[in-house]
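What follows is a set of notes on a single structure, which appears directly below.
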Amino acid sequence: MADFIPEDNRLNLKVVFYGPALSGKTTNLMQLHTLLMPERKGELMVLETRDDRTLFFDMLPIGLRGSSGLDLRLKLYTVPGQVQHDSTRKAVLSRADGIVFVADSQRNQQDSNAIAFGNLEENLEKVGLEIDTLPLVVQFNKRDMTDIIEEETLQQRWASTPWSPLQMASALHGDGVVETFRVLLNRLYAQVDAEFGLAARHDISRDIFVTQLSANEASNA
Ligand SMILES: Nc1nc2c(ncn2[C@@H]2O[C@H](COP(=O)(O)OP(=O)(O)OP(=O)(O)O)[C@@H](O)[C@H]2O)c(=O)[nH]1
Ligand SMILES: [Mg+2]
């Protein structure tokens, strides 16, 4: 839940990258850290890993300042995907303002995707968040691998859900990472604007919000 601190004119927002083990959540964050403009981002924190598996979380802070002086800070977190870290996942998920669900496109990972999505639904309920109103984007990662489900099949499968269309990515190569993040920012803007009057009170339009928070070398070239 967005957290406004009046004394500092600061608005804190939290986005959580959720999904099954090894789907590429940490890789998404590492790519954002590489691709986003230096003036928008802070240090990437990668906390406690063993064999490259997240044990606690990763965090990347990014931000912008509105012309009203609003100091808007967005913290991007990843959860540990391994089944046994459920209490950590729940803690990281708490007070989230938006979710990127990173699924694995490989044919043999479809059960893990479904279990992880079910786990997201359960944990959202436990931390008092509503999946129907929370800005959420579903990304199918690892499109560069060989034995993957075709995009058309996936899109059809999810067509009747509020999360259609899905985003396709190959996070290892940086493809689709910023695009996925932009879709999330668009959905997040609607929610935050309604609550905090980003446009009316702080002169932060949707365009400023999305473009500035996802500005990268390529888009500014
Ligand atoms: N081929 C390919 N490999 C990928 C891609 N994205 C991530 N990987 C690899 O998959 C492995 C797991 O990636 P991570 O980003 O650590 O996965 P995670 O979701 O953070 O995993 P946990 O922290 O255990 O939940 C690493 O070896 C990555 O390099 C991709 O798009 N394509
Ligand atoms: Mg990880």
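Just remember, in the structure tokens the first chain shown is A, the second B, etc., residues are 1-based per chain, and ligands are 1-based in the order shown.
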
Quick one: residues within 8 Å of region 90-103 of chain A, only C-alpha atoms counted, chain neighbours fewer than 5 positions away excluded, as an MDAnalysis selection string? chainID A and resid 1:2 13:20 23:25 57 77:79 113 117 123:124 126:127 129 134:141 180:181 184 188

Could you pull out the strand (DSSP E) residues of region 72-185 of chain A, going by DSSP on the backbone, and write them as a PyMOL selection string? chain A and resi 72-78+98-104+136-141+167-168

Within 6 Å of ligand 1, which residues show up when you count only C-alpha atoms and all ligand atoms? List them as a list in words, please. Ala21, Leu22, Ser23, Gly24, Lys25, Thr26, Thr27, Asp52, Arg53, Thr54, Pro80, Gly81, Gln82, Asn141, Lys142, Asp144, Met145, Ser170, Ala171 and Leu172 of chain A

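If only C-alpha atoms are the atoms counted, then among A:Gln110, A:Pro38, A:Arg182, A:Thr211 the closest residue to Arg157 (chain A) is A:Gln110.
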
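Using only C-alpha atoms, the smallest distance between any of A:Leu72, A:Val183, A:Val177, A:Ala200 and Asp3 (chain A) comes from A:Leu72.
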
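Minimum distance to ligand 2 across A:Leu11, A:Thr49, A:Thr34, A:Arg40 (counting only C-alpha atoms and all ligand atoms) occurs at A:Thr49.
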
Which residue, A:Leu198, A:Leu55, A:Ile131, A:Leu36, has the smallest gap to ligand 2 when you use only C-alpha atoms and all ligand atoms? A:Leu55

Excluding region 107-109 of chain A and residues on its chain fewer than 4 positions from it, collect all residues at most 6 Å away from it, counting only C-alpha atoms, and give them as a PyMOL selection string. chain A and resi 147-149

Can you pull out every residue within 12 Å of Leu213 (chain A), counting only C-alpha atoms, but drop anything in the same chain fewer than 4 positions away, and send it as an MDAnalysis selection string? chainID A and resid 32:33 35:41 61:66 72:76 178:179 181:186 188:189 204 206:209 219

If you keep N, CA and C atoms, can you produce a file of those selected residues as a short mmCIF file (atom, residue, chain, number, x, y, z; two decimals), in the first residue's frame?
```cif
data_model
loop_
_atom_site.label_atom_id
_atom_site.label_comp_id
_atom_site.auth_asym_id
_atom_site.auth_seq_id
_atom_site.Cartn_x
_atom_site.Cartn_y
_atom_site.Cartn_z
N LEU A 32 17.03 -4.64 -15.29
CA LEU A 32 16.52 -3.28 -15.08
C LEU A 32 17.64 -2.41 -14.52
N HIS A 33 18.40 -2.98 -13.61
CA HIS A 33 19.50 -2.24 -13.02
C HIS A 33 20.52 -1.82 -14.09
N LEU A 35 19.77 -1.57 -17.46
CA LEU A 35 19.18 -0.82 -18.58
C LEU A 35 18.66 0.56 -18.22
N LEU A 36 18.20 0.76 -16.98
CA LEU A 36 17.59 2.05 -16.64
C LEU A 36 18.65 3.14 -16.55
N MET A 37 18.21 4.37 -16.79
CA MET A 37 19.12 5.52 -16.76
C MET A 37 19.74 5.68 -15.37
N PRO A 38 21.02 5.98 -15.30
CA PRO A 38 21.71 6.08 -14.00
C PRO A 38 21.04 7.05 -13.03
N GLU A 39 20.51 8.17 -13.52
CA GLU A 39 19.95 9.17 -12.60
C GLU A 39 18.63 8.74 -11.97
N ARG A 40 18.06 7.66 -12.44
CA ARG A 40 16.76 7.20 -11.92
C ARG A 40 16.89 6.12 -10.85
N LYS A 41 18.06 5.50 -10.77
CA LYS A 41 18.13 4.29 -9.95
C LYS A 41 19.22 4.36 -8.88
N PRO A 61 16.02 0.29 -5.88
CA PRO A 61 15.21 1.50 -5.73
C PRO A 61 15.31 2.37 -6.98
N ILE A 62 14.17 2.93 -7.41
CA ILE A 62 14.20 3.91 -8.49
C ILE A 62 13.29 5.07 -8.10
N GLY A 63 13.41 6.19 -8.76
CA GLY A 63 12.60 7.31 -8.33
C GLY A 63 12.53 8.45 -9.30
N LEU A 64 11.63 9.38 -9.01
CA LEU A 64 11.53 10.62 -9.78
C LEU A 64 11.01 11.71 -8.87
N ARG A 65 11.25 12.98 -9.26
CA ARG A 65 10.74 14.09 -8.48
C ARG A 65 9.74 14.86 -9.33
N GLY A 66 8.54 15.04 -8.79
CA GLY A 66 7.51 15.78 -9.53
C GLY A 66 7.78 17.27 -9.45
N LEU A 72 9.03 10.78 -5.39
CA LEU A 72 8.36 9.49 -5.60
C LEU A 72 9.40 8.39 -5.67
N ARG A 73 9.29 7.44 -4.75
CA ARG A 73 10.28 6.36 -4.69
C ARG A 73 9.60 5.01 -4.88
N LEU A 74 10.15 4.26 -5.81
CA LEU A 74 9.60 2.95 -6.13
C LEU A 74 10.67 1.93 -5.78
N LYS A 75 10.30 0.96 -4.95
CA LYS A 75 11.26 -0.11 -4.63
C LYS A 75 10.81 -1.40 -5.30
N LEU A 76 11.71 -1.99 -6.08
CA LEU A 76 11.40 -3.24 -6.77
C LEU A 76 12.03 -4.39 -5.99
N VAL A 178 12.14 -4.31 -19.94
CA VAL A 178 11.66 -2.93 -19.76
C VAL A 178 10.20 -2.83 -20.22
N GLU A 179 9.86 -3.56 -21.28
CA GLU A 179 8.47 -3.54 -21.79
C GLU A 179 7.51 -4.06 -20.72
N PHE A 181 7.95 -4.05 -17.54
CA PHE A 181 7.94 -3.07 -16.45
C PHE A 181 7.04 -1.88 -16.82
N ARG A 182 7.07 -1.49 -18.11
CA ARG A 182 6.22 -0.37 -18.55
C ARG A 182 4.74 -0.69 -18.44
N VAL A 183 4.38 -1.93 -18.77
CA VAL A 183 2.98 -2.32 -18.66
C VAL A 183 2.55 -2.23 -17.19
N LEU A 184 3.44 -2.69 -16.31
CA LEU A 184 3.13 -2.61 -14.87
C LEU A 184 2.98 -1.14 -14.44
N LEU A 185 3.90 -0.29 -14.90
CA LEU A 185 3.86 1.12 -14.50
C LEU A 185 2.56 1.78 -14.96
N ASN A 186 2.09 1.42 -16.14
CA ASN A 186 0.82 1.95 -16.64
C ASN A 186 -0.33 1.58 -15.73
N LEU A 188 -0.06 0.60 -12.59
CA LEU A 188 0.20 1.17 -11.27
C LEU A 188 -0.21 2.64 -11.23
N TYR A 189 0.04 3.35 -12.34
CA TYR A 189 -0.27 4.78 -12.37
C TYR A 189 -1.75 5.02 -12.08
N ILE A 204 2.22 15.10 -12.22
CA ILE A 204 2.91 13.93 -12.79
C ILE A 204 1.89 13.18 -13.65
N ARG A 206 0.58 10.43 -16.62
CA ARG A 206 0.90 9.02 -16.87
C ARG A 206 2.18 8.91 -17.70
N ASP A 207 2.26 9.80 -18.68
CA ASP A 207 3.41 9.74 -19.58
C ASP A 207 4.72 10.01 -18.83
N ILE A 208 4.71 11.02 -17.96
CA ILE A 208 5.92 11.33 -17.17
C ILE A 208 6.27 10.15 -16.27
N PHE A 209 5.26 9.63 -15.59
CA PHE A 209 5.46 8.51 -14.66
C PHE A 209 6.09 7.31 -15.37
N SER A 219 15.76 4.23 -25.12
CA SER A 219 14.58 5.06 -25.35
C SER A 219 14.93 6.54 -25.37
#
```

Mind checking DSSP for region 59-103 of chain A and telling me the alpha helix (DSSP H) residues as a PyMOL selection string? chain A and resi 86-93

Output C-alpha atoms for every residue in that selection, as a JSON list (two decimals), in the first residue's frame.
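Saved result, out-v1.json, follows:
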```json
[["chain", "number", "residue", "atom", "x", "y", "z"],
["A", 86, "ASP", "CA", 6.99, -19.22, 1.89],
["A", 87, "SER", "CA", 7.14, -17.09, 5.01],
["A", 88, "THR", "CA", 9.76, -14.84, 3.37],
["A", 89, "ARG", "CA", 7.58, -14.56, 0.25],
["A", 90, "LYS", "CA", 4.66, -13.48, 2.38],
["A", 91, "ALA", "CA", 6.75, -10.89, 4.21],
["A", 92, "VAL", "CA", 8.11, -9.42, 0.97],
["A", 93, "LEU", "CA", 4.63, -9.37, -0.57]]
```

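Checking A:Ala199, A:Ala215, A:Val192, A:Met59 one by one against ligand 2, counting only C-alpha atoms and all ligand atoms, you find the shortest gap at A:Met59.
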
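Distances to Leu44 (chain A) were evaluated for A:Leu29, A:Leu70, A:Phe56, A:Gln156 using only C-alpha atoms, and the minimum falls at A:Leu29.
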
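For the pair CA of Leu120 (chain A) and CA of Val46 (chain A), the interatomic distance is 21.8 Å.
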
How many Å separate CA of Ser67 (chain A) from CA of Ser205 (chain A)? 10.9 Å
